[in-house]
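Printed here is data-v8.pdb (PDB, C-alpha atoms):
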```
ATOM      1  CA  MET A   1      26.453  42.800 -15.695
ATOM      2  CA  ASN A   2      29.804  41.564 -14.356
ATOM      3  CA  LEU A   3      30.776  40.639 -17.898
ATOM      4  CA  VAL A   4      30.038  44.188 -19.072
ATOM      5  CA  LYS A   5      32.136  45.663 -16.234
ATOM      6  CA  THR A   6      34.992  43.304 -17.004
ATOM      7  CA  THR A   7      34.847  44.198 -20.691
ATOM      8  CA  LEU A   8      34.806  47.941 -19.949
ATOM      9  CA  LYS A   9      37.793  47.577 -17.612
ATOM     10  CA  ALA A  10      39.690  45.663 -20.288
ATOM     11  CA  VAL A  11      38.948  48.326 -22.908
ATOM     12  CA  ALA A  12      40.001  51.113 -20.513
ATOM     13  CA  ALA A  13      43.241  49.298 -19.724
ATOM     14  CA  ALA A  14      43.946  48.836 -23.421
ATOM     15  CA  VAL A  15      43.384  52.560 -24.077
ATOM     16  CA  LEU A  16      45.797  53.496 -21.274
ATOM     17  CA  VAL A  17      48.459  51.165 -22.662
ATOM     18  CA  GLN A  18      47.985  52.637 -26.144
ATOM     19  CA  ALA A  19      48.248  56.169 -24.756
ATOM     20  CA  ALA A  20      51.441  55.294 -22.944
ATOM     21  CA  PHE A  21      53.002  54.053 -26.160
ATOM     22  CA  ALA A  22      51.718  57.031 -28.149
ATOM     23  CA  ALA A  23      53.043  59.630 -25.681
ATOM     24  CA  PRO A  24      56.520  61.033 -26.361
ATOM     25  CA  VAL A  25      59.146  59.366 -24.211
ATOM     26  CA  PHE A  26      62.013  61.806 -23.810
ATOM     27  CA  ALA A  27      64.354  60.407 -21.142
ATOM     28  CA  GLY A  28      67.339  61.472 -23.211
ATOM     29  CA  GLU A  29      66.106  60.062 -26.494
ATOM     30  CA  ASN A  30      66.177  63.424 -28.312
ATOM     31  CA  LEU A  31      69.712  64.134 -27.110
ATOM     32  CA  ASP A  32      70.725  60.646 -28.237
ATOM     33  CA  LYS A  33      69.119  61.264 -31.628
ATOM     34  CA  ILE A  34      70.968  64.562 -32.017
ATOM     35  CA  LYS A  35      74.312  63.008 -31.068
ATOM     36  CA  LYS A  36      73.728  60.096 -33.445
ATOM     37  CA  ALA A  37      72.778  62.390 -36.327
ATOM     38  CA  GLY A  38      75.671  64.747 -35.569
ATOM     39  CA  VAL A  39      73.310  67.691 -36.055
ATOM     40  CA  ILE A  40      71.083  69.867 -33.869
ATOM     41  CA  ARG A  41      68.260  71.490 -35.854
ATOM     42  CA  ILE A  42      67.717  75.110 -34.838
ATOM     43  CA  GLY A  43      64.677  77.190 -35.740
ATOM     44  CA  THR A  44      65.366  80.879 -36.419
ATOM     45  CA  GLU A  45      63.901  83.823 -38.347
ATOM     46  CA  GLY A  46      66.735  84.969 -40.577
ATOM     47  CA  THR A  47      65.170  88.463 -40.763
ATOM     48  CA  TYR A  48      65.932  89.838 -37.298
ATOM     49  CA  ALA A  49      69.242  91.726 -37.286
ATOM     50  CA  PRO A  50      71.576  91.579 -35.488
ATOM     51  CA  PHE A  51      70.398  88.286 -34.006
ATOM     52  CA  THR A  52      69.624  86.294 -37.144
ATOM     53  CA  PHE A  53      69.762  87.751 -40.671
ATOM     54  CA  HIS A  54      71.328  87.418 -44.110
ATOM     55  CA  ASP A  55      74.460  89.347 -45.047
ATOM     56  CA  ALA A  56      75.284  90.873 -48.449
ATOM     57  CA  ALA A  57      76.287  87.422 -49.711
ATOM     58  CA  ASN A  58      72.919  86.036 -48.485
ATOM     59  CA  LYS A  59      74.651  83.966 -45.813
ATOM     60  CA  LEU A  60      72.726  83.427 -42.577
ATOM     61  CA  VAL A  61      74.641  85.308 -39.867
ATOM     62  CA  GLY A  62      74.034  87.056 -36.555
ATOM     63  CA  PHE A  63      74.513  86.913 -32.824
ATOM     64  CA  ASP A  64      72.052  84.046 -32.301
ATOM     65  CA  VAL A  65      73.461  82.161 -35.276
ATOM     66  CA  GLU A  66      76.972  82.261 -33.798
ATOM     67  CA  ILE A  67      75.645  81.358 -30.346
ATOM     68  CA  GLY A  68      73.829  78.386 -31.904
ATOM     69  CA  GLU A  69      76.982  77.276 -33.672
ATOM     70  CA  ALA A  70      79.038  77.616 -30.473
ATOM     71  CA  VAL A  71      76.503  75.650 -28.412
ATOM     72  CA  ALA A  72      76.352  72.954 -31.094
ATOM     73  CA  ALA A  73      80.148  72.683 -31.071
ATOM     74  CA  LYS A  74      80.117  72.136 -27.285
ATOM     75  CA  LEU A  75      77.522  69.379 -27.824
ATOM     76  CA  GLY A  76      79.881  67.793 -30.344
ATOM     77  CA  VAL A  77      77.520  68.299 -33.279
ATOM     78  CA  LYS A  78      76.887  70.817 -36.071
ATOM     79  CA  ALA A  79      74.143  73.451 -36.134
ATOM     80  CA  GLN A  80      71.564  73.107 -38.903
ATOM     81  CA  PHE A  81      69.387  76.210 -39.157
ATOM     82  CA  VAL A  82      65.777  76.051 -40.304
ATOM     83  CA  GLU A  83      64.314  79.460 -41.109
ATOM     84  CA  GLY A  84      60.715  80.498 -40.587
ATOM     85  CA  LYS A  85      58.518  83.510 -39.858
ATOM     86  CA  TRP A  86      58.284  84.495 -36.214
ATOM     87  CA  ASP A  87      54.538  83.946 -35.910
ATOM     88  CA  GLY A  88      54.955  80.217 -36.639
ATOM     89  CA  LEU A  89      58.492  79.758 -35.354
ATOM     90  CA  ILE A  90      57.766  78.449 -31.857
ATOM     91  CA  ALA A  91      54.993  76.158 -33.126
ATOM     92  CA  GLY A  92      57.579  74.520 -35.390
ATOM     93  CA  ILE A  93      59.134  72.814 -32.388
ATOM     94  CA  ASP A  94      55.792  71.087 -31.740
ATOM     95  CA  ALA A  95      55.811  69.799 -35.315
ATOM     96  CA  ASP A  96      59.382  68.458 -34.848
ATOM     97  CA  ARG A  97      60.775  70.718 -37.562
ATOM     98  CA  TYR A  98      63.713  71.435 -35.261
ATOM     99  CA  ASP A  99      65.123  70.599 -31.828
ATOM    100  CA  ALA A 100      65.519  74.124 -30.472
ATOM    101  CA  VAL A 101      64.629  77.726 -31.262
ATOM    102  CA  ILE A 102      67.382  80.333 -30.973
ATOM    103  CA  ASN A 103      65.869  83.675 -31.906
ATOM    104  CA  GLN A 104      65.987  85.936 -28.833
ATOM    105  CA  VAL A 105      62.891  84.157 -27.493
ATOM    106  CA  GLY A 106      61.684  85.912 -24.353
ATOM    107  CA  ILE A 107      61.295  83.714 -21.282
ATOM    108  CA  THR A 108      57.693  84.145 -20.116
ATOM    109  CA  ASP A 109      55.486  82.248 -17.670
ATOM    110  CA  ALA A 110      53.014  81.507 -20.455
ATOM    111  CA  ARG A 111      55.686  79.923 -22.653
ATOM    112  CA  LYS A 112      57.183  78.018 -19.713
ATOM    113  CA  GLN A 113      53.855  76.224 -19.267
ATOM    114  CA  LYS A 114      54.314  74.545 -22.650
ATOM    115  CA  TYR A 115      58.053  74.681 -23.364
ATOM    116  CA  ALA A 116      61.410  74.388 -21.642
ATOM    117  CA  PHE A 117      64.070  77.107 -21.684
ATOM    118  CA  SER A 118      67.794  77.163 -21.198
ATOM    119  CA  GLU A 119      69.275  79.528 -18.642
ATOM    120  CA  PRO A 120      68.984  83.155 -19.878
ATOM    121  CA  TYR A 121      71.706  84.212 -22.299
ATOM    122  CA  ILE A 122      70.413  87.676 -23.320
ATOM    123  CA  ALA A 123      69.176  90.589 -21.212
ATOM    124  CA  SER A 124      67.467  93.448 -23.031
ATOM    125  CA  LYS A 125      64.877  96.186 -22.617
ATOM    126  CA  ALA A 126      61.834  97.045 -24.691
ATOM    127  CA  VAL A 127      62.026 100.503 -26.276
ATOM    128  CA  LEU A 128      59.410 102.645 -27.983
ATOM    129  CA  ILE A 129      60.585 103.857 -31.398
ATOM    130  CA  VAL A 130      59.027 106.638 -33.483
ATOM    131  CA  ARG A 131      60.065 108.950 -36.326
ATOM    132  CA  ASP A 132      62.293 111.877 -35.381
ATOM    133  CA  ASP A 133      59.527 114.342 -36.244
ATOM    134  CA  ASN A 134      56.861 112.615 -34.119
ATOM    135  CA  THR A 135      55.870 114.823 -31.188
ATOM    136  CA  ASP A 136      52.652 113.012 -30.206
ATOM    137  CA  ILE A 137      54.215 109.917 -28.687
ATOM    138  CA  LYS A 138      56.455 110.507 -25.677
ATOM    139  CA  GLY A 139      55.741 107.346 -23.658
ATOM    140  CA  PHE A 140      53.971 103.994 -23.683
ATOM    141  CA  ALA A 141      50.674 105.554 -22.562
ATOM    142  CA  ASP A 142      50.646 107.667 -25.732
ATOM    143  CA  LEU A 143      50.275 104.515 -27.859
ATOM    144  CA  LYS A 144      46.536 104.445 -27.172
ATOM    145  CA  GLY A 145      44.721 104.712 -30.509
ATOM    146  CA  LYS A 146      48.000 104.770 -32.465
ATOM    147  CA  LYS A 147      49.242 102.223 -35.001
ATOM    148  CA  ALA A 148      52.153 100.073 -33.813
ATOM    149  CA  ALA A 149      54.093  97.886 -36.252
ATOM    150  CA  GLN A 150      54.654  94.562 -34.508
ATOM    151  CA  SER A 151      55.049  90.797 -34.942
ATOM    152  CA  LEU A 152      51.582  89.846 -33.761
ATOM    153  CA  THR A 153      52.552  87.039 -31.371
ATOM    154  CA  SER A 154      55.717  88.629 -29.961
ATOM    155  CA  ASN A 155      56.061  89.980 -26.428
ATOM    156  CA  TYR A 156      56.418  93.454 -27.915
ATOM    157  CA  GLY A 157      53.168  93.096 -29.836
ATOM    158  CA  LYS A 158      51.352  92.113 -26.650
ATOM    159  CA  MET A 159      52.895  95.058 -24.784
ATOM    160  CA  ALA A 160      51.874  97.506 -27.501
ATOM    161  CA  GLU A 161      48.346  96.102 -27.531
ATOM    162  CA  ALA A 162      48.160  96.370 -23.731
ATOM    163  CA  SER A 163      49.034 100.057 -24.101
ATOM    164  CA  GLY A 164      46.030 100.511 -26.390
ATOM    165  CA  ALA A 165      47.769 100.459 -29.773
ATOM    166  CA  GLU A 166      46.229  99.125 -32.959
ATOM    167  CA  LEU A 167      48.656  96.506 -34.272
ATOM    168  CA  VAL A 168      49.938  96.467 -37.839
ATOM    169  CA  GLY A 169      51.326  92.963 -38.393
ATOM    170  CA  THR A 170      54.912  92.563 -39.611
ATOM    171  CA  ASP A 171      57.433  89.784 -40.138
ATOM    172  CA  GLY A 172      60.002  91.292 -37.784
ATOM    173  CA  PHE A 173      62.104  94.283 -36.707
ATOM    174  CA  ASP A 174      63.239  95.407 -40.178
ATOM    175  CA  GLN A 175      59.719  95.572 -41.558
ATOM    176  CA  SER A 176      58.462  97.268 -38.395
ATOM    177  CA  ILE A 177      61.069 100.032 -38.729
ATOM    178  CA  GLN A 178      60.250 100.481 -42.417
ATOM    179  CA  LEU A 179      56.550 100.965 -41.639
ATOM    180  CA  VAL A 180      57.455 103.639 -39.097
ATOM    181  CA  LEU A 181      59.838 105.346 -41.537
ATOM    182  CA  THR A 182      57.187 105.384 -44.283
ATOM    183  CA  ARG A 183      54.496 106.602 -41.840
ATOM    184  CA  ARG A 184      52.335 103.509 -42.312
ATOM    185  CA  ALA A 185      52.688 103.018 -38.566
ATOM    186  CA  ASP A 186      53.163 105.566 -35.805
ATOM    187  CA  ALA A 187      55.565 103.538 -33.703
ATOM    188  CA  THR A 188      57.079 100.173 -32.951
ATOM    189  CA  LEU A 189      57.814  98.704 -29.554
ATOM    190  CA  ASN A 190      60.916  96.621 -30.019
ATOM    191  CA  ASP A 191      64.248  95.459 -28.689
ATOM    192  CA  SER A 192      66.848  97.987 -27.521
ATOM    193  CA  LEU A 193      69.725  95.902 -28.868
ATOM    194  CA  SER A 194      68.167  95.604 -32.319
ATOM    195  CA  PHE A 195      67.610  99.367 -32.434
ATOM    196  CA  LEU A 196      71.209 100.116 -31.452
ATOM    197  CA  ASP A 197      72.449  97.788 -34.171
ATOM    198  CA  PHE A 198      70.100  99.383 -36.716
ATOM    199  CA  LYS A 199      71.349 102.882 -35.874
ATOM    200  CA  LYS A 200      74.928 101.640 -36.085
ATOM    201  CA  GLN A 201      74.220 100.500 -39.655
ATOM    202  CA  LYS A 202      71.996 103.455 -40.630
ATOM    203  CA  ALA A 203      72.975 106.373 -38.428
ATOM    204  CA  ASP A 204      70.995 108.881 -40.527
ATOM    205  CA  ALA A 205      67.676 106.993 -40.323
ATOM    206  CA  PRO A 206      65.106 109.478 -38.920
ATOM    207  CA  VAL A 207      63.920 107.375 -35.967
ATOM    208  CA  LYS A 208      64.415 107.775 -32.227
ATOM    209  CA  ILE A 209      63.718 106.113 -28.882
ATOM    210  CA  VAL A 210      61.194 108.016 -26.758
ATOM    211  CA  ALA A 211      60.716 105.556 -23.895
ATOM    212  CA  GLU A 212      62.428 102.515 -22.381
ATOM    213  CA  GLN A 213      61.082  99.688 -20.238
ATOM    214  CA  ALA A 214      62.376  99.951 -16.669
ATOM    215  CA  GLU A 215      63.104  96.272 -16.118
ATOM    216  CA  ALA A 216      65.226  94.060 -18.351
ATOM    217  CA  SER A 217      63.670  91.004 -19.945
ATOM    218  CA  TYR A 218      65.567  87.773 -20.535
ATOM    219  CA  SER A 219      65.796  85.430 -23.481
ATOM    220  CA  GLY A 220      66.725  81.763 -23.584
ATOM    221  CA  ILE A 221      67.050  78.856 -25.966
ATOM    222  CA  LEU A 222      63.606  77.300 -26.334
ATOM    223  CA  LEU A 223      63.366  73.494 -26.179
ATOM    224  CA  ARG A 224      60.673  70.845 -25.780
ATOM    225  CA  LYS A 225      59.204  70.444 -22.330
ATOM    226  CA  GLY A 226      60.350  67.171 -20.806
ATOM    227  CA  ASP A 227      63.586  67.187 -22.821
ATOM    228  CA  ASP A 228      65.534  67.495 -19.561
ATOM    229  CA  GLU A 229      68.771  65.881 -20.717
ATOM    230  CA  LEU A 230      69.034  68.180 -23.731
ATOM    231  CA  VAL A 231      68.212  71.225 -21.576
ATOM    232  CA  ALA A 232      70.997  70.264 -19.154
ATOM    233  CA  GLU A 233      73.513  69.804 -21.986
ATOM    234  CA  VAL A 234      72.556  73.134 -23.580
ATOM    235  CA  ASN A 235      72.925  74.890 -20.215
ATOM    236  CA  LYS A 236      76.359  73.321 -19.778
ATOM    237  CA  ALA A 237      77.318  74.447 -23.289
ATOM    238  CA  LEU A 238      76.206  78.024 -22.543
ATOM    239  CA  ALA A 239      78.197  78.023 -19.288
ATOM    240  CA  ASP A 240      81.238  76.695 -21.141
ATOM    241  CA  ILE A 241      81.175  79.342 -23.892
ATOM    242  CA  LYS A 242      80.898  82.049 -21.231
ATOM    243  CA  ALA A 243      83.785  80.565 -19.251
ATOM    244  CA  ASP A 244      86.135  80.207 -22.229
ATOM    245  CA  GLY A 245      85.459  83.693 -23.632
ATOM    246  CA  THR A 246      83.547  82.590 -26.738
ATOM    247  CA  TYR A 247      80.350  84.319 -25.613
ATOM    248  CA  LYS A 248      82.138  87.621 -24.908
ATOM    249  CA  THR A 249      83.826  87.537 -28.319
ATOM    250  CA  ILE A 250      80.493  87.048 -30.087
ATOM    251  CA  SER A 251      78.726  89.639 -27.936
ATOM    252  CA  ASP A 252      81.460  92.256 -28.455
ATOM    253  CA  LYS A 253      81.322  91.668 -32.202
ATOM    254  CA  TYR A 254      77.625  92.523 -32.450
ATOM    255  CA  PHE A 255      76.990  94.874 -29.538
ATOM    256  CA  GLY A 256      80.326  96.057 -28.154
ATOM    257  CA  GLN A 257      79.447  94.693 -24.712
ATOM    258  CA  ASP A 258      78.297  91.608 -22.800
ATOM    259  CA  VAL A 259      74.533  91.413 -23.366
ATOM    260  CA  SER A 260      73.914  88.560 -20.951
ATOM    261  CA  LYS A 261      73.664  90.869 -17.920
TER     262      LYS A 261
END
```
Now, as a test, write the supplied structure out as structure tokens.
Amino acid sequence: MNLVKTTLKAVAAAVLVQAAFAAPVFAGENLDKIKKAGVIRIGTEGTYAPFTFHDAANKLVGFDVEIGEAVAAKLGVKAQFVEGKWDGLIAGIDADRYDAVINQVGITDARKQKYAFSEPYIASKAVLIVRDDNTDIKGFADLKGKKAAQSLTSNYGKMAEASGAELVGTDGFDQSIQLVLTRRADATLNDSLSFLDFKKQKADAPVKIVAEQAEASYSGILLRKGDDELVAEVNKALADIKADGTYKTISDKYFGQDVSK
């Protein structure tokens, strides 16, 4: 009997040792790896103007792209962007496809349980967008029983669903707006800054805002939980680009104002 107990204890100890070696050991190792490689891999959509999209020459551009490049420069490395659809974008950090996600990712308690965030660098409000000729939807409560074009796992999708809407899945803002314009959806609940940029580009588009969220929501750079050294360096980089005017220059270029407040 004592022999059995001893054997079981030995096996248990061996399992614990194996687990310890199998578990990710951060303690600065990811930051060291990034510095050694000279590159920080950044996950982003590439279809979400004005934050991350392709210009007429098919070059990846946008507010978040330039913020990513500026942060990378402060880290002393280059930004390498890896594009993916929103619904799988955050999961890509678990699969080590990239080191960070910069894609106007909302800071939520649910996400903070699994991931780390930088300090907020964007403040925005959710707005309810419909066609100009829509008279049925005047507020969020009117979404009940209506079709809302949304990225299914986004904050906006969850908000629309909570208001009773039937979700029509999309790849991002541009597709959501198109579904509203073509009447395949009644509305989309989306980002105020994206809508303002869209109207700046297409002033005659027959869409309007009928309601706005009272409180601002904040977005941050999403990183792996436990990657404390990298989080600290990214926060320092964000503080530096705000202090030296880089952030304001980028923000003015895309929005005409500082969108961090």
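Within 12 Å of Thr135 in chain A, once all atoms listed in the file are used and residues closer than 3 positions along the same chain are dropped, the contacting residues are Ile129, Val130, Arg131, Asp132, Lys138, Gly139, Asp142, Asp186, Ala187, Val207, Lys208, Ile209 and Val210 of chain A.
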*What separation in Å, quoted to one decimal, exists between CA of Tyr247 in chain A and CA of Gly220 in chain A?*
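Here the two named atoms are 14.0 Å from each other.
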*Identify all residues satisfying the PyMOL selection byres ((chain A and resi 159-163) around 10) in the given file; provide them as JSON, numbers by chain.*
{"A": [126, 128, 139, 140, 141, 142, 143, 144, 145, 146, 147, 148, 149, 150, 152, 154, 155, 156, 157, 158, 164, 165, 166, 167, 187, 188, 189, 190]}
_To one decimal place in Å, what is the distance between CA of Asp191 in chain A and CA of Ser124 in chain A?_
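Those two atoms sit 6.8 Å apart.
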*Please provide as a PyMOL selection string all residues within 6 Å of range 75-84 of chain A, with the sequence filter that same-chain residues fewer than 2 positions apart are discarded (counting only C-alpha atoms).*
chain A and resi 38-45+69+72-73+89
*Apply the PyMOL selection byres ((chain A and resi 105) around 6) to the structure shown and report the selected residues as number ranges by chain.*
A: 103-104, 106, 219-220
_Between CA of Ile122 in chain A and CA of Ser260 in chain A, what is the distance in Å, rounded to a tenth?_
4.3 Å
*Determine the nearest neighbour of Glu119 in chain A from the options A:Lys33, A:Lys253, A:Asp258, A:Ala232, counting only C-alpha atoms.*
A:Ala232
*asked:* Could you list, as JSON, numbers by chain, every residue matched by the PyMOL selection byres ((chain A and resi 255) around 10) in this structure?
replied: {"A": [50, 63, 193, 194, 196, 197, 200, 250, 251, 252, 253, 254, 256, 257, 258, 259]}
*Looking at A:Ala116, A:Ala56, A:Leu181, A:Ile93, which one is nearest to Leu230 in chain A, with distances taken over all atoms listed in the file?*
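Answer, going by the shortest atom-to-atom distance: A:Ala116.
With all atoms listed in the file as the atoms that count, the minimum distance from Tyr115 in chain A to the choices A:Ala95, A:Glu229, A:Ile90, A:Phe173 is reached by A:Ile90.
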*Which residue out of A:Val71, A:Asp174, A:Lys35, A:Thr153 has the minimum interatomic distance to Phe53 in chain A when only C-alpha atoms are used?*
A:Asp174
*Neighbourhood query: residues within 6 Å of (51.6, 98.6, -40.1), file coordinates, counting all atoms listed in the file; return as a PyMOL selection string.*
chain A and resi 149+168-169+179+184-185
_Every residue with an atom at most 9 Å from (67.1, 63.6, -25.5) (file coordinates; only C-alpha atoms) is what I'm after, so could you write them as a ChimeraX atom specification?_
/A:26-34,226-231
*asked:* Ranking A:Thr47, A:Thr246, A:Gln175, A:Asn134 by minimum distance to Pro206 in chain A and counting only C-alpha atoms, which one comes first?
replied: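 The shortest atom-to-atom distance to Pro206 in chain A comes from A:Asn134.
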